[in-house]
file upload08.tsv (TSV, C-alpha atoms)
chain	number	residue	atom	x	y	z
A	1	MET	CA	37.62	-35.06	-8.22
A	2	SER	CA	35.04	-32.39	-7.40
A	3	ASP	CA	34.42	-29.13	-9.24
A	4	GLY	CA	36.42	-26.31	-7.76
A	5	ILE	CA	39.98	-24.98	-7.55
A	6	SER	CA	42.88	-26.20	-5.43
A	7	ILE	CA	45.44	-23.44	-4.81
A	8	VAL	CA	48.90	-24.65	-3.81
A	9	VAL	CA	51.06	-22.13	-1.96
A	10	PRO	CA	54.68	-23.12	-1.13
A	11	VAL	CA	55.88	-21.27	1.97
A	12	TYR	CA	59.47	-20.98	3.15
A	13	ASN	CA	60.62	-18.17	5.42
A	14	VAL	CA	58.31	-15.64	3.78
A	15	PRO	CA	58.35	-12.13	5.32
A	16	GLU	CA	55.19	-11.79	7.39
A	17	LYS	CA	53.67	-8.85	5.50
A	18	TYR	CA	53.97	-10.70	2.18
A	19	LEU	CA	52.66	-14.00	3.52
A	20	ARG	CA	49.62	-12.39	5.13
A	21	ALA	CA	48.87	-10.40	1.96
A	22	CYS	CA	49.10	-13.59	-0.10
A	23	ILE	CA	46.80	-15.66	2.12
A	24	GLU	CA	44.26	-12.88	2.56
A	25	SER	CA	44.09	-12.30	-1.21
A	26	LEU	CA	43.11	-15.96	-1.56
A	27	ILE	CA	40.64	-15.97	1.32
A	28	ASN	CA	38.87	-12.97	-0.25
A	29	GLN	CA	38.33	-14.53	-3.67
A	30	THR	CA	34.89	-13.84	-5.13
A	31	TYR	CA	34.76	-17.48	-6.25
A	32	LYS	CA	34.35	-19.50	-3.05
A	33	VAL	CA	34.66	-23.17	-4.08
A	34	ILE	CA	38.37	-23.33	-3.41
A	35	GLU	CA	40.85	-24.96	-1.11
A	36	ILE	CA	44.04	-23.19	-0.10
A	37	ILE	CA	46.89	-25.61	0.52
A	38	LEU	CA	49.71	-23.91	2.41
A	39	VAL	CA	52.84	-26.06	2.26
A	40	ASP	CA	55.24	-25.01	5.02
A	41	ASP	CA	58.50	-26.26	3.59
A	42	GLY	CA	60.45	-26.44	6.85
A	43	SER	CA	60.36	-22.70	7.57
A	44	LYS	CA	62.67	-21.54	10.35
A	45	ASP	CA	60.79	-18.33	11.04
A	46	GLN	CA	57.15	-17.70	11.98
A	47	SER	CA	55.74	-18.65	8.57
A	48	GLY	CA	54.39	-22.02	9.71
A	49	ARG	CA	52.69	-20.51	12.76
A	50	ILE	CA	51.07	-17.80	10.63
A	51	CYS	CA	49.72	-20.46	8.25
A	52	ASP	CA	48.19	-22.32	11.20
A	53	GLN	CA	46.55	-19.12	12.43
A	54	TYR	CA	44.74	-18.65	9.15
A	55	ALA	CA	43.75	-22.33	9.00
A	56	ASN	CA	41.97	-21.84	12.33
A	57	LEU	CA	40.01	-18.96	10.79
A	58	ASP	CA	39.00	-20.53	7.46
A	59	SER	CA	38.06	-24.17	6.95
A	60	ARG	CA	39.10	-23.99	3.29
A	61	ILE	CA	42.73	-23.67	4.36
A	62	LYS	CA	44.84	-26.80	4.73
A	63	VAL	CA	48.36	-26.53	6.17
A	64	ILE	CA	51.03	-29.14	5.50
A	65	HIS	CA	54.25	-28.92	7.53
A	66	LYS	CA	57.12	-30.80	5.95
A	67	GLN	CA	60.89	-31.06	6.04
A	68	ASN	CA	62.58	-28.60	3.70
A	69	GLY	CA	62.80	-30.06	0.22
A	70	GLY	CA	62.71	-27.05	-2.07
A	71	LEU	CA	60.12	-25.29	-4.18
A	72	SER	CA	59.43	-28.18	-6.56
A	73	ALA	CA	58.89	-30.68	-3.74
A	74	ALA	CA	56.57	-28.25	-1.94
A	75	ARG	CA	54.45	-27.78	-5.08
A	76	ASN	CA	54.25	-31.55	-5.57
A	77	THR	CA	53.21	-32.05	-1.96
A	78	GLY	CA	50.37	-29.58	-2.39
A	79	TYR	CA	49.33	-31.17	-5.67
A	80	ASN	CA	49.26	-34.64	-4.08
A	81	HIS	CA	46.94	-33.37	-1.33
A	82	SER	CA	44.59	-31.45	-3.64
A	83	LYS	CA	40.98	-32.52	-4.13
A	84	TYR	CA	39.50	-30.30	-6.81
A	85	GLU	CA	39.44	-30.60	-10.60
A	86	TRP	CA	41.47	-27.45	-11.24
A	87	LEU	CA	44.90	-26.52	-9.89
A	88	MET	CA	46.75	-23.25	-9.35
A	89	PHE	CA	50.19	-22.43	-7.99
A	90	VAL	CA	50.69	-19.15	-6.11
A	91	ASP	CA	54.03	-18.27	-4.51
A	92	GLY	CA	53.86	-17.41	-0.82
A	93	ASP	CA	55.24	-13.90	-1.23
A	94	ASP	CA	52.92	-12.94	-4.11
A	95	TYR	CA	49.23	-12.01	-4.14
A	96	VAL	CA	46.31	-12.04	-6.58
A	97	ASP	CA	43.31	-9.89	-7.39
A	98	ASN	CA	40.01	-10.86	-5.75
A	99	ASN	CA	38.49	-12.06	-9.03
A	100	PHE	CA	41.52	-14.18	-9.98
A	101	CYS	CA	39.83	-17.55	-9.47
A	102	TYR	CA	36.51	-16.49	-10.95
A	103	ALA	CA	38.01	-15.01	-14.11
A	104	MET	CA	40.28	-17.98	-14.70
A	105	LEU	CA	37.63	-20.65	-14.13
A	106	ASN	CA	35.06	-18.74	-16.16
A	107	ALA	CA	37.50	-18.71	-19.09
A	108	ALA	CA	38.20	-22.44	-18.67
A	109	ILE	CA	34.48	-23.18	-18.94
A	110	GLN	CA	33.74	-20.64	-21.68
A	111	TYR	CA	36.54	-21.82	-23.97
A	112	ASP	CA	36.57	-25.47	-22.82
A	113	VAL	CA	40.36	-25.64	-22.43
A	114	ASP	CA	42.97	-27.57	-20.44
A	115	LEU	CA	44.90	-24.46	-19.44
A	116	VAL	CA	44.13	-20.80	-18.73
A	117	MET	CA	46.79	-18.07	-18.45
A	118	CYS	CA	46.54	-14.48	-17.24
A	119	GLY	CA	48.73	-11.40	-17.10
A	120	MET	CA	51.07	-10.44	-14.27
A	121	TYR	CA	52.40	-7.34	-12.58
A	122	LYS	CA	55.81	-7.01	-10.96
A	123	ASP	CA	55.37	-5.01	-7.76
A	124	TYR	CA	58.43	-3.16	-6.44
A	125	GLY	CA	56.67	-1.71	-3.40
A	126	LYS	CA	56.10	1.88	-4.44
A	127	THR	CA	55.85	1.20	-8.17
A	128	ARG	CA	54.36	-1.50	-10.38
A	129	GLU	CA	55.44	-2.81	-13.77
A	130	LYS	CA	52.93	-4.41	-16.11
A	131	TYR	CA	54.31	-7.40	-17.99
A	132	THR	CA	53.67	-7.30	-21.72
A	133	TYR	CA	52.44	-10.26	-23.75
A	134	TYR	CA	52.36	-10.71	-27.48
A	135	ILE	CA	50.13	-13.79	-27.28
A	136	PRO	CA	46.63	-12.86	-28.51
A	137	ALA	CA	44.09	-12.61	-25.71
A	138	ASN	CA	40.78	-14.48	-25.53
A	139	VAL	CA	41.65	-16.75	-28.45
A	140	LYS	CA	41.40	-20.52	-28.01
A	141	PHE	CA	44.60	-22.37	-28.92
A	142	GLU	CA	43.97	-25.87	-30.25
A	143	LYS	CA	46.48	-28.72	-30.34
A	144	LYS	CA	48.67	-27.47	-33.19
A	145	ASP	CA	48.56	-23.96	-31.73
A	146	CYS	CA	49.68	-25.34	-28.36
A	147	ILE	CA	52.84	-26.50	-30.10
A	148	TRP	CA	53.45	-22.86	-31.04
A	149	LEU	CA	52.71	-21.86	-27.45
A	150	GLN	CA	55.32	-24.33	-26.25
A	151	GLU	CA	57.91	-22.51	-28.37
A	152	GLN	CA	56.96	-19.23	-26.69
A	153	LEU	CA	58.08	-20.67	-23.36
A	154	LEU	CA	61.66	-20.28	-24.53
A	155	HIS	CA	61.08	-16.70	-25.67
A	156	PHE	CA	62.20	-14.55	-22.74
A	157	ASN	CA	59.72	-11.82	-23.64
A	158	GLY	CA	56.86	-14.31	-23.94
A	159	ASN	CA	56.40	-14.17	-20.14
A	160	ILE	CA	54.41	-17.42	-19.90
A	161	ALA	CA	57.08	-19.79	-18.52
A	162	THR	CA	56.11	-19.56	-14.83
A	163	ALA	CA	54.19	-22.16	-12.82
A	164	TYR	CA	51.93	-19.40	-11.47
A	165	CYS	CA	49.50	-17.23	-13.49
A	166	LYS	CA	47.88	-20.46	-14.68
A	167	LEU	CA	44.79	-22.58	-14.07
A	168	ILE	CA	45.53	-26.21	-14.97
A	169	ASN	CA	43.15	-29.10	-15.49
A	170	LYS	CA	44.44	-31.79	-13.12
A	171	LYS	CA	43.36	-34.51	-15.53
A	172	VAL	CA	46.27	-33.55	-17.81
A	173	LEU	CA	48.74	-33.75	-14.92
A	174	SER	CA	47.49	-37.11	-13.65
A	175	THR	CA	47.11	-38.71	-17.08
A	176	TYR	CA	50.68	-37.95	-18.10
A	177	ASN	CA	52.21	-37.95	-14.60
A	178	ILE	CA	53.41	-34.36	-14.91
A	179	THR	CA	54.89	-33.05	-11.68
A	180	HIS	CA	57.68	-30.65	-10.78
A	181	ASN	CA	61.13	-32.17	-10.94
A	182	GLU	CA	62.25	-32.35	-7.30
A	183	ASN	CA	65.91	-32.50	-8.30
A	184	LEU	CA	65.50	-28.89	-9.40
A	185	ARG	CA	65.12	-27.08	-6.12
A	186	GLN	CA	65.41	-23.49	-7.35
A	187	GLY	CA	65.99	-21.76	-10.64
A	188	ALA	CA	64.17	-22.42	-13.92
A	189	GLU	CA	62.10	-25.30	-12.52
A	190	GLY	CA	58.89	-23.63	-13.71
A	191	LEU	CA	60.15	-23.48	-17.28
A	192	GLU	CA	61.14	-27.16	-17.22
A	193	PHE	CA	57.69	-28.07	-15.81
A	194	ASN	CA	55.93	-26.05	-18.51
A	195	ILE	CA	57.92	-27.60	-21.37
A	196	ARG	CA	56.49	-30.99	-20.36
A	197	LEU	CA	53.01	-29.60	-19.64
A	198	PHE	CA	52.67	-27.83	-22.99
A	199	GLU	CA	53.76	-31.02	-24.73
A	200	LYS	CA	50.51	-32.67	-23.56
A	201	ILE	CA	47.79	-30.02	-23.39
A	202	ASN	CA	45.21	-30.00	-26.18
A	203	SER	CA	43.87	-26.50	-25.67
A	204	ALA	CA	44.65	-23.23	-23.90
A	205	VAL	CA	43.62	-19.60	-23.66
A	206	PHE	CA	45.27	-16.38	-22.46
A	207	ILE	CA	42.79	-13.95	-20.96
A	208	GLY	CA	43.50	-10.26	-21.35
A	209	GLU	CA	43.40	-9.51	-17.63
A	210	TRP	CA	46.33	-8.81	-15.31
A	211	LEU	CA	45.42	-10.59	-12.08
A	212	TYR	CA	48.66	-11.86	-10.52
A	213	HIS	CA	51.13	-9.71	-8.56
A	214	TYR	CA	54.72	-10.89	-8.43
A	215	ILE	CA	56.50	-9.23	-5.52
A	216	TYR	CA	60.08	-8.21	-6.22
A	217	ASN	CA	62.08	-9.01	-3.09
A	218	GLU	CA	65.71	-7.93	-3.15
A	219	ASN	CA	66.47	-10.57	-0.51
A	220	SER	CA	65.08	-13.47	-2.53
A	221	ILE	CA	67.41	-16.12	-3.95
A	222	SER	CA	66.81	-15.04	-7.53
A	223	ALA	CA	67.48	-11.36	-6.76
A	224	LYS	CA	71.01	-11.66	-5.40
A	225	HIS	CA	74.33	-13.37	-6.02
A	226	ASP	CA	74.27	-17.02	-5.01
A	227	GLU	CA	76.70	-19.35	-6.72
A	228	ALA	CA	74.77	-22.44	-5.67
A	229	ASN	CA	71.66	-21.01	-7.30
A	230	HIS	CA	73.59	-20.17	-10.49
A	231	GLU	CA	74.51	-23.86	-10.65
A	232	TYR	CA	70.91	-24.89	-9.97
A	233	VAL	CA	69.75	-22.74	-12.86
A	234	LEU	CA	72.22	-24.41	-15.22
A	235	LYS	CA	71.07	-27.78	-13.90
A	236	CYS	CA	67.51	-26.77	-14.75
A	237	PHE	CA	68.57	-25.82	-18.26
A	238	ARG	CA	70.35	-29.13	-18.66
A	239	MET	CA	67.06	-30.85	-17.87
A	240	ILE	CA	65.18	-28.47	-20.17
A	241	LYS	CA	67.57	-29.33	-22.99
A	242	ASN	CA	66.93	-33.03	-22.37
A	243	GLN	CA	63.17	-32.42	-22.51
A	244	VAL	CA	63.53	-30.40	-25.71
A	245	GLN	CA	65.53	-33.18	-27.36
A	246	GLU	CA	62.76	-35.65	-26.50
A	247	SER	CA	59.98	-33.38	-27.72
A	248	HIS	CA	57.95	-33.91	-30.89
A	249	ASN	CA	58.70	-30.23	-31.51
A	250	LYS	CA	62.46	-30.60	-31.06
A	251	THR	CA	63.53	-28.74	-34.21
A	252	GLU	CA	61.70	-25.52	-33.40
A	253	LEU	CA	62.42	-25.62	-29.67
A	254	MET	CA	66.15	-26.07	-30.14
A	255	LYS	CA	66.25	-22.88	-32.22
A	256	TRP	CA	65.26	-20.95	-29.12
A	257	PHE	CA	67.05	-22.84	-26.36
A	258	ASP	CA	70.37	-20.99	-26.76
A	259	ASN	CA	68.54	-17.67	-27.10
A	260	ARG	CA	66.82	-18.17	-23.74
A	261	LEU	CA	70.07	-19.24	-22.12
A	262	LEU	CA	71.73	-16.00	-23.24
A	263	TYR	CA	69.29	-14.08	-21.05
A	264	VAL	CA	70.31	-16.30	-18.13
A	265	VAL	CA	74.01	-15.67	-18.74
A	266	ILE	CA	73.49	-11.90	-18.89
A	267	THR	CA	71.35	-11.90	-15.74
A	268	THR	CA	73.90	-14.07	-13.93
A	269	ALA	CA	76.59	-11.53	-14.74
A	270	ILE	CA	74.64	-8.37	-13.87
A	271	SER	CA	72.48	-9.55	-10.96
A	272	GLY	CA	74.92	-12.23	-9.84
A	273	TYR	CA	78.69	-12.21	-10.08
A	274	PHE	CA	79.14	-8.46	-10.65
A	275	SER	CA	76.18	-7.30	-8.57
A	276	PRO	CA	76.86	-4.91	-5.67
A	277	SER	CA	75.44	-7.67	-3.43
A	278	ASN	CA	78.55	-9.73	-4.21
A	279	LYS	CA	81.21	-8.37	-1.84
A	280	GLU	CA	84.08	-10.50	-3.15
A	281	PRO	CA	87.19	-8.78	-4.59
A	282	PHE	CA	86.85	-7.87	-8.26
A	283	ARG	CA	89.56	-10.31	-9.33
A	284	CYS	CA	87.76	-13.12	-7.53
A	285	LYS	CA	84.51	-12.21	-9.29
A	286	CYS	CA	86.29	-12.34	-12.65
A	287	ASP	CA	87.91	-15.70	-11.97
A	288	LYS	CA	84.64	-17.28	-10.88
A	289	PHE	CA	82.69	-15.84	-13.79
A	290	ARG	CA	85.30	-17.12	-16.25
A	291	LYS	CA	84.80	-20.58	-14.75
A	292	TYR	CA	81.03	-20.17	-15.16
A	293	LEU	CA	81.49	-19.26	-18.83
A	294	LYS	CA	83.37	-22.50	-19.45
A	295	ASN	CA	80.19	-24.52	-18.90
A	296	ASP	CA	79.55	-26.31	-22.20
A	297	MET	CA	75.95	-25.06	-22.53
A	298	VAL	CA	76.96	-21.49	-21.73
A	299	ASP	CA	79.83	-21.66	-24.22
A	300	THR	CA	77.52	-22.97	-26.95
A	301	ALA	CA	74.95	-20.26	-26.26
A	302	LEU	CA	77.60	-17.55	-26.48
A	303	ARG	CA	78.67	-18.91	-29.85
A	304	SER	CA	75.12	-18.87	-31.20
A	305	ASN	CA	73.82	-16.03	-33.36
A	306	ASN	CA	70.21	-15.97	-32.18
A	307	THR	CA	69.98	-12.69	-30.28
A	308	GLN	CA	66.40	-12.02	-31.38
A	309	GLY	CA	64.43	-10.17	-28.73
A	310	LEU	CA	67.46	-8.93	-26.80
A	311	SER	CA	67.30	-5.22	-26.02
A	312	ASN	CA	70.14	-2.97	-27.10
A	313	GLU	CA	71.33	-2.79	-23.50
A	314	ARG	CA	71.49	-6.58	-23.24
A	315	LYS	CA	73.33	-6.78	-26.56
A	316	VAL	CA	75.97	-4.43	-25.19
A	317	MET	CA	76.25	-6.52	-22.03
A	318	LEU	CA	76.54	-9.65	-24.13
A	319	PHE	CA	79.35	-8.05	-26.15
A	320	CYS	CA	81.17	-7.28	-22.90
A	321	ILE	CA	80.75	-10.87	-21.72
A	322	LYS	CA	82.07	-12.31	-24.97
A	323	HIS	CA	85.11	-10.02	-24.88
A	324	ASN	CA	85.89	-10.38	-21.15
A	325	MET	CA	85.15	-6.71	-20.48
A	326	PHE	CA	84.31	-7.44	-16.86
A	327	ALA	CA	84.95	-3.94	-15.53
A	328	ALA	CA	82.20	-2.67	-17.82
A	329	LEU	CA	79.90	-5.41	-16.52
A	330	GLN	CA	80.48	-4.22	-12.98
A	331	VAL	CA	79.47	-0.70	-14.01
A	332	PHE	CA	76.32	-2.04	-15.72
A	333	ALA	CA	75.52	-4.05	-12.57
A	334	PHE	CA	75.87	-0.93	-10.41
A	335	LEU	CA	73.57	1.06	-12.69
A	336	ARG	CA	71.03	-1.77	-12.83
A	337	ASN	CA	71.00	-1.86	-9.03
A	338	LEU	CA	70.31	1.87	-8.96
A	339	GLN	CA	67.43	1.40	-11.36
A	340	LYS	CA	65.84	-1.28	-9.17
A	341	LYS	CA	66.16	0.89	-6.07
A	342	ASN	CA	64.61	3.76	-8.01
A	343	ARG	CA	61.61	1.55	-8.76
A	344	GLU	CA	61.28	0.64	-5.09
A	345	ARG	CA	61.65	4.28	-3.94
A	346	PRO	CA	60.49	6.38	-6.90
A	347	PHE	CA	60.50	9.70	-5.05
A	348	GLN	CA	64.25	9.65	-4.56
A	349	ALA	CA	66.31	11.63	-7.04
A	350	ILE	CA	67.93	8.64	-8.71
A	351	PRO	CA	68.15	8.92	-12.52
A	352	ARG	CA	66.64	6.27	-14.76
A	353	LEU	CA	69.78	4.93	-16.40
A	354	PHE	CA	68.28	2.06	-18.35
A	355	VAL	CA	65.37	2.43	-20.75

call {"tool": "encode", "arguments": {"input": "upload08.tsv", "output": "structure tokens"}}
result
Amino acid sequence: MSDGISIVVPVYNVPEKYLRACIESLINQTYKVIEIILVDDGSKDQSGRICDQYANLDSRIKVIHKQNGGLSAARNTGYNHSKYEWLMFVDGDDYVDNNFCYAMLNAAIQYDVDLVMCGMYKDYGKTREKYTYYIPANVKFEKKDCIWLQEQLLHFNGNIATAYCKLINKKVLSTYNITHNENLRQGAEGLEFNIRLFEKINSAVFIGEWLYHYIYNENSISAKHDEANHEYVLKCFRMIKNQVQESHNKTELMKWFDNRLLYVVITTAISGYFSPSNKEPFRCKCDKFRKYLKNDMVDTALRSNNTQGLSNERKVMLFCIKHNMFAALQVFAFLRNLQKKNRERPFQAIPRLFV
């Protein structure tokens, strides 16, 4: 491997304005020793053609067209075609600051670590939300500290469980054969990947810079009701539970597994089954959500007492879930939808109903 950074970008039916913003943010990096691997995962729109256009303009861009196999398979394809020592994942509808690569690689060299993490914004279009992190910045985590970091993956408010916002030494991935699980097409596949990754890294650092921009897209799979995706997420958590049970840090990780799953259950209710995007009759929503709650992992999580980190609003929603107060959940879902639209169009007179 040569010195430099390979940036893997999975692309599947990405709206043109987002895809172009993503690619151009990578082309304009101040650090130039990079390759940009655009993996067209069987797009049915113009995404593949747009990728080819940019490849004709910049020799650092490599485009791989493949049959649709899901996000995990696309990331693995890019990884398998990468040539540099360091690896990044950037989603095709997100973008990064121009000094993203430089800042991350500079930290990797300065602290001599296997993994570098940075902060992230969530962009709603007209407004931007800065993710908060309680992990100390610019402090090198050694092996025993990386075990603590692994536990933070299961803390919802830790905000480090994504595949992006990271610079990874490929030697760790190749030595331990760490790739994305291709059976997990969509959902918490990044969390499952990170559980295995953090099991093997010897050092890491979080830099106190917010360099990655996650674009909130109300039409994305994770932002609307999709029963198949709800099942995929549970499948991911089944795999995560298996990884936790095989971990050297099993005891501590298991303490937080149910806690993290509670967030998933709440989100599935509010942004899924009872979301305004779900046009099914209310009784049908209730019947399907009751079936969802009968999943053994979900049932165990609901019986657990670890609600640490849950906001008061989420605790109220959780109470409603446990007591089958589904009409209240539908009201919460409606208000949450208003809040999101308010973030996208802040100049409209829509009240902020959640704090």

call {"tool": "residues_around", "arguments": {"input": "upload08.tsv", "residues": "A:Leu318", "least_positions_apart": "6", "cutoff": "9 Å", "atoms": "only C-alpha atoms", "output": "list in words"}}
result
Leu262, Val265, Ile266 and Leu302 of chain A

call {"tool": "atom_distance", "arguments": {"input": "upload08.tsv", "atom1": "atom CA of A:His230", "atom2": "atom CA of A:Leu191"}}
result
15.4 Å

call {"tool": "closest_residue", "arguments": {"input": "upload08.tsv", "among": "A:Ile34, A:Ala73, A:Val205, A:Ile270", "to": "A:Arg336", "atoms": "all atoms listed in the file"}}
result
A:Ile270

call {"tool": "closest_residue", "arguments": {"input": "upload08.tsv", "among": "A:Asn68, A:Lys143, A:Asp58, A:Ala161", "to": "A:Glu182", "atoms": "only C-alpha atoms"}}
result
A:Asn68

call {"tool": "closest_residue", "arguments": {"input": "upload08.tsv", "among": "A:Ile215, A:Cys165, A:Ile135, A:Leu115", "to": "A:Tyr18", "atoms": "all atoms listed in the file"}}
result
A:Ile215

call {"tool": "residues_around", "arguments": {"input": "upload08.tsv", "residues": "A:Ser203", "least_positions_apart": "4", "cutoff": "12 Å", "atoms": "all atoms listed in the file", "output": "list in words"}}
result
Ala108, Tyr111, Asp112, Val113, Asp114, Leu115, Val116, Met117, Val139, Lys140, Phe141, Glu142, Lys143, Lys144, Asp145, Cys146, Ile147, Trp148, Leu149, Gln150, Ile168, Asn169, Val172, Leu197, Phe198 and Glu199 of chain A

call {"tool": "atom_distance", "arguments": {"input": "upload08.tsv", "atom1": "atom CA of A:Trp86", "atom2": "atom CA of A:Ile61"}}
result
16.1 Å

call {"tool": "residues_around", "arguments": {"input": "upload08.tsv", "residues": "A:Val298", "least_positions_apart": "3", "cutoff": "9 Å", "atoms": "all atoms listed in the file", "output": "list in words"}}
result
Leu234, Asp258, Leu261, Leu262, Val265, Tyr292, Leu293, Lys294, Asn295, Ala301, Leu302 and Arg303 of chain A

call {"tool": "closest_residue", "arguments": {"input": "upload08.tsv", "among": "A:Pro136, A:Gly4, A:Gly190, A:Gly272", "to": "A:Lys83", "atoms": "all atoms listed in the file"}}
result
A:Gly4

call {"tool": "closest_residue", "arguments": {"input": "upload08.tsv", "among": "A:Tyr232, A:Gln330, A:His323, A:Met317", "to": "A:Arg283", "atoms": "all atoms listed in the file"}}
result
A:Gln330

call {"tool": "atom_distance", "arguments": {"input": "upload08.tsv", "atom1": "atom CA of A:Gln46", "atom2": "atom CA of A:Tyr84"}}
result
28.7 Å

call {"tool": "residues_near_point", "arguments": {"input": "upload08.tsv", "point": "(47.7, -28.2, 4.1)", "cutoff": "8 Å", "atoms": "all atoms listed in the file", "output": "VMD selection string"}}
result
chain A and resid 36 to 39 61 to 65 78 81

call {"tool": "residues_around", "arguments": {"input": "upload08.tsv", "residues": "A:Leu71", "least_positions_apart": "4", "cutoff": "10 Å", "atoms": "all atoms listed in the file", "output": "list in words"}}
result
Val9, Pro10, Val11, Tyr12, Val39, Asp41, Arg75, Asn76, Thr77, Asp91, His180, Asn181, Glu182, Leu184, Arg185, Gln186, Gly187, Glu189 and Gly190 of chain A
